[in-house]
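J.: target.cif (mmCIF, C-alpha atoms and all ligand atoms) pasted underneath:
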data_structure
loop_
_atom_site.group_PDB
_atom_site.id
_atom_site.type_symbol
_atom_site.label_atom_id
_atom_site.label_comp_id
_atom_site.auth_asym_id
_atom_site.auth_seq_id
_atom_site.Cartn_x
_atom_site.Cartn_y
_atom_site.Cartn_z
ATOM 1 C CA LYS A 1 78.092 73.704 86.253
ATOM 2 C CA ARG A 2 81.388 73.089 87.990
ATOM 3 C CA LEU A 3 82.104 75.881 90.416
ATOM 4 C CA ILE A 4 84.741 76.868 92.946
ATOM 5 C CA LEU A 5 84.064 79.206 95.878
ATOM 6 C CA ILE A 6 87.197 80.886 97.143
ATOM 7 C CA GLY A 7 87.590 83.484 99.895
ATOM 8 C CA PRO A 8 88.945 84.065 103.395
ATOM 9 C CA PRO A 9 87.397 82.559 106.556
ATOM 10 C CA GLY A 10 84.001 84.137 107.214
ATOM 11 C CA SER A 11 83.607 85.563 103.708
ATOM 12 C CA GLY A 12 80.281 83.711 103.213
ATOM 13 C CA LYS A 13 81.167 80.628 101.165
ATOM 14 C CA GLY A 14 79.180 78.253 103.368
ATOM 15 C CA THR A 15 76.299 80.729 103.650
ATOM 16 C CA GLN A 16 75.857 81.107 99.881
ATOM 17 C CA SER A 17 76.400 77.420 99.041
ATOM 18 C CA PRO A 18 72.852 76.164 99.811
ATOM 19 C CA MET A 19 71.347 78.846 97.545
ATOM 20 C CA ILE A 20 73.631 77.967 94.643
ATOM 21 C CA LYS A 21 73.164 74.248 95.263
ATOM 22 C CA ASP A 22 69.355 74.504 95.150
ATOM 23 C CA ASP A 23 69.257 76.772 92.090
ATOM 24 C CA TYR A 24 71.562 74.598 90.019
ATOM 25 C CA CYS A 25 71.040 71.112 91.564
ATOM 26 C CA LEU A 26 74.696 70.738 92.307
ATOM 27 C CA CYS A 27 76.484 68.762 94.958
ATOM 28 C CA HIS A 28 78.218 70.829 97.622
ATOM 29 C CA LEU A 29 81.694 69.602 98.546
ATOM 30 C CA ALA A 30 83.190 71.526 101.473
ATOM 31 C CA THR A 31 86.574 70.167 102.520
ATOM 32 C CA GLY A 32 86.315 71.946 105.897
ATOM 33 C CA ASP A 33 82.958 70.254 106.662
ATOM 34 C CA MET A 34 84.290 66.859 105.543
ATOM 35 C CA LEU A 35 87.424 67.250 107.660
ATOM 36 C CA ARG A 36 85.422 68.345 110.738
ATOM 37 C CA ALA A 37 83.198 65.276 110.341
ATOM 38 C CA ALA A 38 86.314 63.080 110.148
ATOM 39 C CA VAL A 39 87.771 64.733 113.260
ATOM 40 C CA ALA A 40 84.507 64.243 115.176
ATOM 41 C CA ALA A 41 84.358 60.572 114.137
ATOM 42 C CA LYS A 42 88.072 60.125 114.997
ATOM 43 C CA THR A 43 88.772 58.396 111.676
ATOM 44 C CA PRO A 44 92.437 57.960 110.615
ATOM 45 C CA LEU A 45 91.980 60.964 108.326
ATOM 46 C CA GLY A 46 90.497 63.038 111.167
ATOM 47 C CA ILE A 47 93.337 62.136 113.498
ATOM 48 C CA LYS A 48 95.862 63.291 110.883
ATOM 49 C CA ALA A 49 93.991 66.532 110.136
ATOM 50 C CA LYS A 50 93.107 67.681 113.655
ATOM 51 C CA GLU A 51 96.368 69.292 114.712
ATOM 52 C CA ALA A 52 96.664 71.570 111.675
ATOM 53 C CA MET A 53 92.982 72.526 111.849
ATOM 54 C CA ASP A 54 93.155 73.451 115.535
ATOM 55 C CA LYS A 55 96.080 75.755 114.782
ATOM 56 C CA GLY A 56 94.387 77.339 111.757
ATOM 57 C CA GLU A 57 96.955 75.902 109.376
ATOM 58 C CA LEU A 58 96.232 74.040 106.165
ATOM 59 C CA VAL A 59 96.000 70.260 106.153
ATOM 60 C CA SER A 60 98.426 68.573 103.722
ATOM 61 C CA ASP A 61 97.629 68.735 100.008
ATOM 62 C CA ASP A 62 97.677 64.928 99.696
ATOM 63 C CA LEU A 63 94.988 64.477 102.349
ATOM 64 C CA VAL A 64 92.538 66.995 100.908
ATOM 65 C CA VAL A 65 93.168 66.005 97.286
ATOM 66 C CA GLY A 66 92.367 62.418 98.319
ATOM 67 C CA ILE A 67 89.082 63.482 99.936
ATOM 68 C CA ILE A 68 88.002 65.484 96.898
ATOM 69 C CA ASP A 69 89.003 62.774 94.441
ATOM 70 C CA GLU A 70 86.839 60.316 96.382
ATOM 71 C CA ALA A 71 83.901 62.710 96.820
ATOM 72 C CA MET A 72 83.752 63.742 93.165
ATOM 73 C CA LYS A 73 83.124 60.123 92.153
ATOM 74 C CA LYS A 74 79.672 60.220 93.772
ATOM 75 C CA PRO A 75 76.917 59.861 91.132
ATOM 76 C CA SER A 76 75.250 63.041 92.439
ATOM 77 C CA CYS A 77 78.398 65.015 91.572
ATOM 78 C CA GLN A 78 78.642 63.933 87.947
ATOM 79 C CA LYS A 79 76.542 66.767 86.496
ATOM 80 C CA GLY A 80 78.243 69.491 88.475
ATOM 81 C CA PHE A 81 79.463 70.563 91.870
ATOM 82 C CA ILE A 82 80.360 73.437 94.144
ATOM 83 C CA LEU A 83 83.817 73.177 95.684
ATOM 84 C CA ASP A 84 83.780 75.222 98.932
ATOM 85 C CA GLY A 85 87.226 75.670 100.489
ATOM 86 C CA PHE A 86 89.104 73.709 97.816
ATOM 87 C CA PRO A 87 91.555 74.253 96.147
ATOM 88 C CA ARG A 88 93.463 76.368 98.661
ATOM 89 C CA THR A 89 96.993 75.988 97.275
ATOM 90 C CA VAL A 90 98.301 76.144 93.716
ATOM 91 C CA VAL A 91 99.323 72.471 94.023
ATOM 92 C CA GLN A 92 95.704 71.559 94.883
ATOM 93 C CA ALA A 93 94.493 73.597 91.882
ATOM 94 C CA GLN A 94 96.886 71.774 89.563
ATOM 95 C CA LYS A 95 95.841 68.372 90.924
ATOM 96 C CA LEU A 96 92.204 69.315 90.432
ATOM 97 C CA ASP A 97 92.878 70.243 86.800
ATOM 98 C CA GLU A 98 94.523 66.843 86.339
ATOM 99 C CA MET A 99 91.557 64.991 87.885
ATOM 100 C CA LEU A 100 89.048 66.869 85.736
ATOM 101 C CA GLY A 101 91.230 66.521 82.660
ATOM 102 C CA LYS A 102 91.039 62.740 82.993
ATOM 103 C CA GLN A 103 87.231 62.987 82.943
ATOM 104 C CA GLY A 104 87.287 65.405 80.017
ATOM 105 C CA THR A 105 85.680 68.177 82.100
ATOM 106 C CA LYS A 106 86.825 71.487 83.550
ATOM 107 C CA ILE A 107 85.896 74.240 85.996
ATOM 108 C CA ASP A 108 83.346 76.705 84.591
ATOM 109 C CA LYS A 109 83.628 79.560 87.098
ATOM 110 C CA VAL A 110 85.556 80.539 90.207
ATOM 111 C CA LEU A 111 83.633 82.851 92.550
ATOM 112 C CA ASN A 112 86.018 84.994 94.559
ATOM 113 C CA PHE A 113 84.450 86.256 97.811
ATOM 114 C CA ALA A 114 86.399 89.505 98.018
ATOM 115 C CA ILE A 115 86.254 91.178 101.432
ATOM 116 C CA ASP A 116 88.426 93.219 103.765
ATOM 117 C CA ASP A 117 90.061 91.302 106.649
ATOM 118 C CA SER A 118 88.753 93.808 109.218
ATOM 119 C CA ILE A 119 85.138 92.592 108.806
ATOM 120 C CA LEU A 120 85.920 88.933 109.404
ATOM 121 C CA GLU A 121 86.500 88.707 113.157
ATOM 122 C CA GLU A 122 82.951 89.817 113.976
ATOM 123 C CA ARG A 123 81.540 87.319 111.480
ATOM 124 C CA ILE A 124 83.659 84.447 112.777
ATOM 125 C CA THR A 125 83.219 84.998 116.503
ATOM 126 C CA GLY A 126 79.416 85.363 116.147
ATOM 127 C CA ARG A 127 78.978 82.207 114.061
ATOM 128 C CA TRP A 128 76.962 79.210 115.303
ATOM 129 C CA ILE A 129 76.524 76.053 113.246
ATOM 130 C CA HIS A 130 74.252 73.024 113.131
ATOM 131 C CA PRO A 131 76.894 70.376 112.445
ATOM 132 C CA SER A 132 74.789 67.616 110.860
ATOM 133 C CA SER A 133 73.138 69.867 108.237
ATOM 134 C CA GLY A 134 75.858 72.507 107.884
ATOM 135 C CA ARG A 135 73.318 75.291 108.484
ATOM 136 C CA THR A 136 75.052 78.434 109.663
ATOM 137 C CA TYR A 137 73.774 81.224 111.907
ATOM 138 C CA HIS A 138 75.168 84.441 113.347
ATOM 139 C CA THR A 139 74.186 86.009 116.663
ATOM 140 C CA LYS A 140 73.837 89.431 114.996
ATOM 141 C CA PHE A 141 73.533 88.935 111.227
ATOM 142 C CA ALA A 142 71.503 85.707 110.980
ATOM 143 C CA PRO A 143 70.108 84.785 114.438
ATOM 144 C CA PRO A 144 68.219 81.496 114.858
ATOM 145 C CA LYS A 145 64.520 81.731 115.843
ATOM 146 C CA VAL A 146 65.352 80.316 119.287
ATOM 147 C CA PRO A 147 68.821 81.270 120.564
ATOM 148 C CA GLY A 148 71.194 78.294 120.479
ATOM 149 C CA LEU A 149 68.846 75.983 118.536
ATOM 150 C CA ASP A 150 68.613 75.002 114.856
ATOM 151 C CA ASP A 151 65.492 76.432 113.124
ATOM 152 C CA VAL A 152 64.615 73.175 111.359
ATOM 153 C CA THR A 153 65.430 70.384 113.826
ATOM 154 C CA GLY A 154 65.487 72.278 117.149
ATOM 155 C CA GLU A 155 68.827 70.606 117.854
ATOM 156 C CA PRO A 156 71.570 72.541 119.657
ATOM 157 C CA LEU A 157 73.972 74.754 117.723
ATOM 158 C CA ILE A 158 77.706 74.725 118.376
ATOM 159 C CA GLN A 159 80.657 77.036 117.777
ATOM 160 C CA ARG A 160 83.664 75.867 115.778
ATOM 161 C CA LYS A 161 86.826 75.256 117.760
ATOM 162 C CA ASP A 162 88.853 77.340 115.289
ATOM 163 C CA ASP A 163 86.502 80.346 115.476
ATOM 164 C CA THR A 164 88.571 82.310 117.994
ATOM 165 C CA PRO A 165 90.383 85.610 117.261
ATOM 166 C CA ALA A 166 93.808 83.940 117.734
ATOM 167 C CA VAL A 167 93.156 81.006 115.374
ATOM 168 C CA LEU A 168 91.442 83.327 112.892
ATOM 169 C CA LYS A 169 94.717 85.240 112.674
ATOM 170 C CA SER A 170 96.625 82.176 111.473
ATOM 171 C CA ARG A 171 93.782 81.157 109.142
ATOM 172 C CA LEU A 172 93.988 84.609 107.542
ATOM 173 C CA GLU A 173 97.766 84.333 107.244
ATOM 174 C CA ALA A 174 97.366 80.970 105.515
ATOM 175 C CA PHE A 175 94.783 82.510 103.202
ATOM 176 C CA HIS A 176 96.993 85.402 102.119
ATOM 177 C CA ARG A 177 100.142 83.348 101.750
ATOM 178 C CA GLN A 178 98.830 80.093 100.253
ATOM 179 C CA THR A 179 95.365 80.743 98.806
ATOM 180 C CA GLU A 180 95.651 84.184 97.206
ATOM 181 C CA PRO A 181 98.008 82.749 94.544
ATOM 182 C CA VAL A 182 95.166 80.365 93.612
ATOM 183 C CA ILE A 183 92.984 83.402 92.804
ATOM 184 C CA ASP A 184 95.660 84.612 90.379
ATOM 185 C CA TYR A 185 95.925 81.090 88.923
ATOM 186 C CA TYR A 186 92.244 81.193 87.899
ATOM 187 C CA GLY A 187 92.406 84.872 86.958
ATOM 188 C CA SER A 188 94.979 84.019 84.326
ATOM 189 C CA LYS A 189 92.657 81.320 82.975
ATOM 190 C CA GLY A 190 89.904 83.926 82.539
ATOM 191 C CA ILE A 191 87.273 82.152 84.658
ATOM 192 C CA LEU A 192 87.394 84.329 87.792
ATOM 193 C CA ALA A 193 84.418 86.404 88.992
ATOM 194 C CA ASN A 194 84.840 88.812 91.916
ATOM 195 C CA LEU A 195 81.938 89.189 94.349
ATOM 196 C CA PRO A 196 81.409 92.053 96.819
ATOM 197 C CA ALA A 197 81.299 89.728 99.844
ATOM 198 C CA GLU A 198 81.000 92.535 102.416
ATOM 199 C CA LYS A 199 77.394 93.193 101.292
ATOM 200 C CA PRO A 200 74.385 91.649 103.124
ATOM 201 C CA PRO A 201 73.775 87.931 102.326
ATOM 202 C CA LYS A 202 70.788 88.530 99.989
ATOM 203 C CA GLU A 203 72.732 91.033 97.910
ATOM 204 C CA VAL A 204 75.643 88.609 97.625
ATOM 205 C CA THR A 205 73.172 85.935 96.467
ATOM 206 C CA SER A 206 71.888 88.163 93.664
ATOM 207 C CA GLU A 207 75.447 88.977 92.605
ATOM 208 C CA VAL A 208 76.126 85.226 92.436
ATOM 209 C CA GLN A 209 72.996 84.717 90.331
ATOM 210 C CA LYS A 210 74.087 87.505 87.968
ATOM 211 C CA VAL A 211 77.497 85.908 87.475
ATOM 212 C CA LEU A 212 76.106 82.408 86.945
ATOM 213 C CA SER A 213 73.416 83.453 84.471
ATOM 214 C CA SER A 214 75.817 85.466 82.311
HETATM 215 P P1 LIG B 301 86.874 75.773 106.243
HETATM 216 O O1 LIG B 301 85.788 75.082 106.943
HETATM 217 O O2 LIG B 301 86.894 75.771 104.764
HETATM 218 O O3 LIG B 301 86.950 77.238 106.825
HETATM 219 P P2 LIG B 301 87.324 78.654 106.161
HETATM 220 O O4 LIG B 301 87.852 78.660 104.796
HETATM 221 O O5 LIG B 301 88.167 79.287 107.199
HETATM 222 O O6 LIG B 301 85.983 79.307 105.911
HETATM 223 P P3 LIG B 301 84.774 79.463 106.896
HETATM 224 O O7 LIG B 301 83.953 78.245 106.906
HETATM 225 O O8 LIG B 301 85.266 79.978 108.215
HETATM 226 O O9 LIG B 301 84.049 80.696 106.211
HETATM 227 P P4 LIG B 301 82.815 80.777 105.200
HETATM 228 O O10 LIG B 301 83.287 81.615 104.046
HETATM 229 O O11 LIG B 301 82.195 79.466 104.882
HETATM 230 O O12 LIG B 301 81.844 81.672 106.091
HETATM 231 P P5 LIG B 301 80.303 81.450 106.478
HETATM 232 O O13 LIG B 301 79.455 81.455 105.261
HETATM 233 O O14 LIG B 301 80.147 80.327 107.418
HETATM 234 O O15 LIG B 301 88.296 75.164 106.703
HETATM 235 C C1 LIG B 301 88.601 74.899 108.047
HETATM 236 C C2 LIG B 301 89.986 74.268 108.161
HETATM 237 O O16 LIG B 301 90.012 73.000 107.475
HETATM 238 C C3 LIG B 301 91.147 75.051 107.550
HETATM 239 O O17 LIG B 301 91.660 76.023 108.456
HETATM 240 C C4 LIG B 301 92.155 73.927 107.248
HETATM 241 O O18 LIG B 301 92.853 73.535 108.413
HETATM 242 C C5 LIG B 301 91.255 72.789 106.806
HETATM 243 N N1 LIG B 301 91.026 72.757 105.356
HETATM 244 C C6 LIG B 301 89.814 72.872 104.718
HETATM 245 N N2 LIG B 301 89.964 72.828 103.380
HETATM 246 C C7 LIG B 301 91.296 72.659 103.154
HETATM 247 C C8 LIG B 301 92.082 72.541 101.963
HETATM 248 N N3 LIG B 301 91.518 72.596 100.741
HETATM 249 N N4 LIG B 301 93.425 72.394 102.106
HETATM 250 C C9 LIG B 301 94.012 72.328 103.317
HETATM 251 N N5 LIG B 301 93.329 72.439 104.485
HETATM 252 C C10 LIG B 301 91.986 72.609 104.403
HETATM 253 O O19 LIG B 301 80.025 82.840 107.242
HETATM 254 C C11 LIG B 301 80.651 83.164 108.465
HETATM 255 C C12 LIG B 301 79.662 83.869 109.401
HETATM 256 O O20 LIG B 301 79.281 85.131 108.840
HETATM 257 C C13 LIG B 301 78.352 83.093 109.626
HETATM 258 O O21 LIG B 301 77.956 83.233 110.965
HETATM 259 C C14 LIG B 301 77.353 83.773 108.682
HETATM 260 O O22 LIG B 301 76.035 83.704 109.197
HETATM 261 C C15 LIG B 301 77.884 85.193 108.600
HETATM 262 N N6 LIG B 301 77.714 85.764 107.258
HETATM 263 C C16 LIG B 301 77.914 85.127 106.058
HETATM 264 N N7 LIG B 301 77.700 85.988 105.039
HETATM 265 C C17 LIG B 301 77.386 87.192 105.601
HETATM 266 C C18 LIG B 301 77.064 88.482 105.055
HETATM 267 N N8 LIG B 301 77.035 88.673 103.727
HETATM 268 N N9 LIG B 301 76.817 89.498 105.921
HETATM 269 C C19 LIG B 301 76.850 89.294 107.270
HETATM 270 N N10 LIG B 301 77.133 88.095 107.838
HETATM 271 C C20 LIG B 301 77.406 87.052 107.012
HETATM 272 ZN ZN ZN B 302 82.635 77.449 105.469
#
What would you get if you wrote out this structure as structure tokens?
Ligand code: AP5
Ligand code: ZN
T.:
Amino acid sequence: KRLILIGPPGSGKGTQSPMIKDDYCLCHLATGDMLRAAVAAKTPLGIKAKEAMDKGELVSDDLVVGIIDEAMKKPSCQKGFILDGFPRTVVQAQKLDEMLGKQGTKIDKVLNFAIDDSILEERITGRWIHPSSGRTYHTKFAPPKVPGLDDVTGEPLIQRKDDTPAVLKSRLEAFHRQTEPVIDYYGSKGILANLPAEKPPKEVTSEVQKVLSS
């Protein structure tokens, strides 16, 4: 399957991705994770992306479209993929359609993580991540076995630089202004599925499974 996960910051896209990936043997392409890796490695791409990311604004369409175009060529992505955090503008969605059109494929389903803004600050400020694996924890909702350490490797967890209440505010503004139109774009194509993303993680997972098996 070729899937898109769309939703505001903290809505659970990264949390649900491993489950979907394992169940359907898909590759998980998260533009945010790829950009953070580029920033950490100080690559030319990372240097260009850093300023916008720190402010909670979107990186330019050309940069992210380039990353996705490159990533989708990987052999492991040929049978299907999960796009997490892409497309986030209508221009990105149109470019994606063009790229897939050239391959003779298309998106099967867009999972919309619908949730009220008021829930997101607590989720974002309590989040801890293990950068190399992408595993995500939460001090209250998904605590690691040992505080501050990854369950699998025992390596230290970190907080994202953009996970502050002030930066969250601009990320949410960007979501409403630039990404909500993308939800309508897929709604009009008839491939949109709305998920109740405010529910506990396991319940969201079973909703995802329901949508994908139908
Ligand atoms: P990105 O990394 O994509 O961030 P985001 O969209 O803001 O989304 P998050 O990763 O914050 O949220 P999530 O839905 O994955 O939440 P999670 O599952 O971790 O993008 C970062 C930046 O990169 C952007 O601001 C932009 O600058 C740039 N960028 C990326 N893509 C771009 C693009 N296409 N175009 C332009 N710029 C781009 O969950 C959050 C927390 O809540 C966790 O602690 C988790 O444990 C907890 N949690 C999850 N689900 C539940 C639940 N059901 N109940 C209780 N707690 C839960
Ligand atoms: Zn994420």
J.: Using all atoms listed in the file, tabulate the residues of range 82-129 of chain A lying at most 9 Å from any atom of range 7-18 of chain A, each with its closest atom pair and that distance in Å to one decimal, by chain and increasing residue number, as CSV.
T.:
residue,atom,partner,partner_atom,distance
A:Ile82,CA,A:Ser17,CA,7.5
A:Asp84,CA,A:Lys13,CA,6.4
A:Gly85,CA,A:Gly7,CA,7.8
A:Leu111,CA,A:Gly7,CA,8.4
A:Asn112,CA,A:Gly7,CA,5.8
A:Phe113,CA,A:Gly7,CA,4.7
A:Ala114,CA,A:Gly7,CA,6.4
A:Ile115,CA,A:Ser11,CA,6.6
A:Asp117,CA,A:Pro8,CA,8.0
A:Ile119,CA,A:Gly10,CA,8.7
A:Leu120,CA,A:Gly10,CA,5.6
A:Glu121,CA,A:Gly10,CA,7.9
A:Glu122,CA,A:Gly10,CA,8.9
A:Arg123,CA,A:Gly10,CA,5.9
A:Ile124,CA,A:Gly10,CA,5.6
A:Arg127,CA,A:Gly10,CA,8.7
J.: Return the single residue from A:Thr153, A:Cys27, A:Pro44, A:Pro200 that is closest to Lys73 in chain A, with distances computed using only C-alpha atoms.
T.: A:Cys27
J.: Around all the atoms of ligand LIG 301 (chain B) listed in the file, draw an axis-aligned box and extend it by 8 Å on each of the six sides; I want its centre and edge lengths in Å to one decimal, as JSON.
T.:
{"center_x": 85.0, "center_y": 80.9, "center_z": 105.9, "size_x": 34.0, "size_y": 33.2, "size_z": 26.2}
J.: Mind giving me the straight-line distance from atom C19 of ligand LIG 301 (chain B) to CA of His28 in chain A in Å, one decimal?
T.: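 Taking atom C19 of ligand LIG 301 (chain B) as the start and CA of His28 in chain A as the end point, the length is 20.9 Å.
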J.: Please evaluate the PyMOL selection byres (((chain A and resi 179) around 12) and not hetatm) against the structure above and give the resulting residues as a ChimeraX atom specification.
T.: /A:5-9,57-58,85-93,112,171-178,180-186
J.: Just give me the gap between CA of Ile107 in chain A and CA of Cys77 in chain A in Å, one decimal is fine.
T.: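 Pair CA of Ile107 in chain A / CA of Cys77 in chain A returns 13.1 Å.
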J.: For Val152 in chain A, find every residue with an atom within 12 Å (counting only C-alpha atoms), except residues of its own chain fewer than 5 positions away, and show them as a VMD selection string.
T.: chain A and resid 130 132 to 136 144 to 146 157
J.: Report the distance between CA of Ala71 in chain A and CA of Glu155 in chain A in Å, rounded to one decimal place.
T.: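 For CA of Ala71 in chain A relative to CA of Glu155 in chain A, the distance reads 27.1 Å.
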J.: If you count only C-alpha atoms, which residues fall within 9 Å of range 203-211 of chain A, apart from same-chain ones fewer than 5 positions away, as a PyMOL selection string?
T.: chain A and resi 12+16+19-20+23+109+111+193+195-198
J.: Determine the nearest neighbour of Phe81 in chain A from the options A:Cys25, A:Thr43, A:Asp61, A:Gln94, counting only C-alpha atoms.
T.: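 Among the listed residues, the smallest separation from Phe81 in chain A belongs to A:Cys25.
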J.: Using all atoms listed in the file, pick whichever of A:Ala49, A:Ala38, A:Ile4, A:Leu212 has the shortest atom-to-atom distance to ligand LIG 301 (chain B).
T.: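 For ligand LIG 301 (chain B), the nearest of the candidates is A:Ala49.
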J.: Around (78.4, 86.3, 117.4) in the file's own coordinates, what residues are found within 6 Å if you use all atoms listed in the file, given back as a PDB file with C-alpha atoms, in the coordinates of the input?
T.:
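Full text of part.pdb as output:
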ATOM      1  CA  THR A 125      83.219  84.998 116.503  1.00  0.00           C
ATOM      2  CA  GLY A 126      79.416  85.363 116.147  1.00  0.00           C
ATOM      3  CA  ARG A 127      78.978  82.207 114.061  1.00  0.00           C
ATOM      4  CA  HIS A 138      75.168  84.441 113.347  1.00  0.00           C
ATOM      5  CA  THR A 139      74.186  86.009 116.663  1.00  0.00           C
TER       6      THR A 139
END
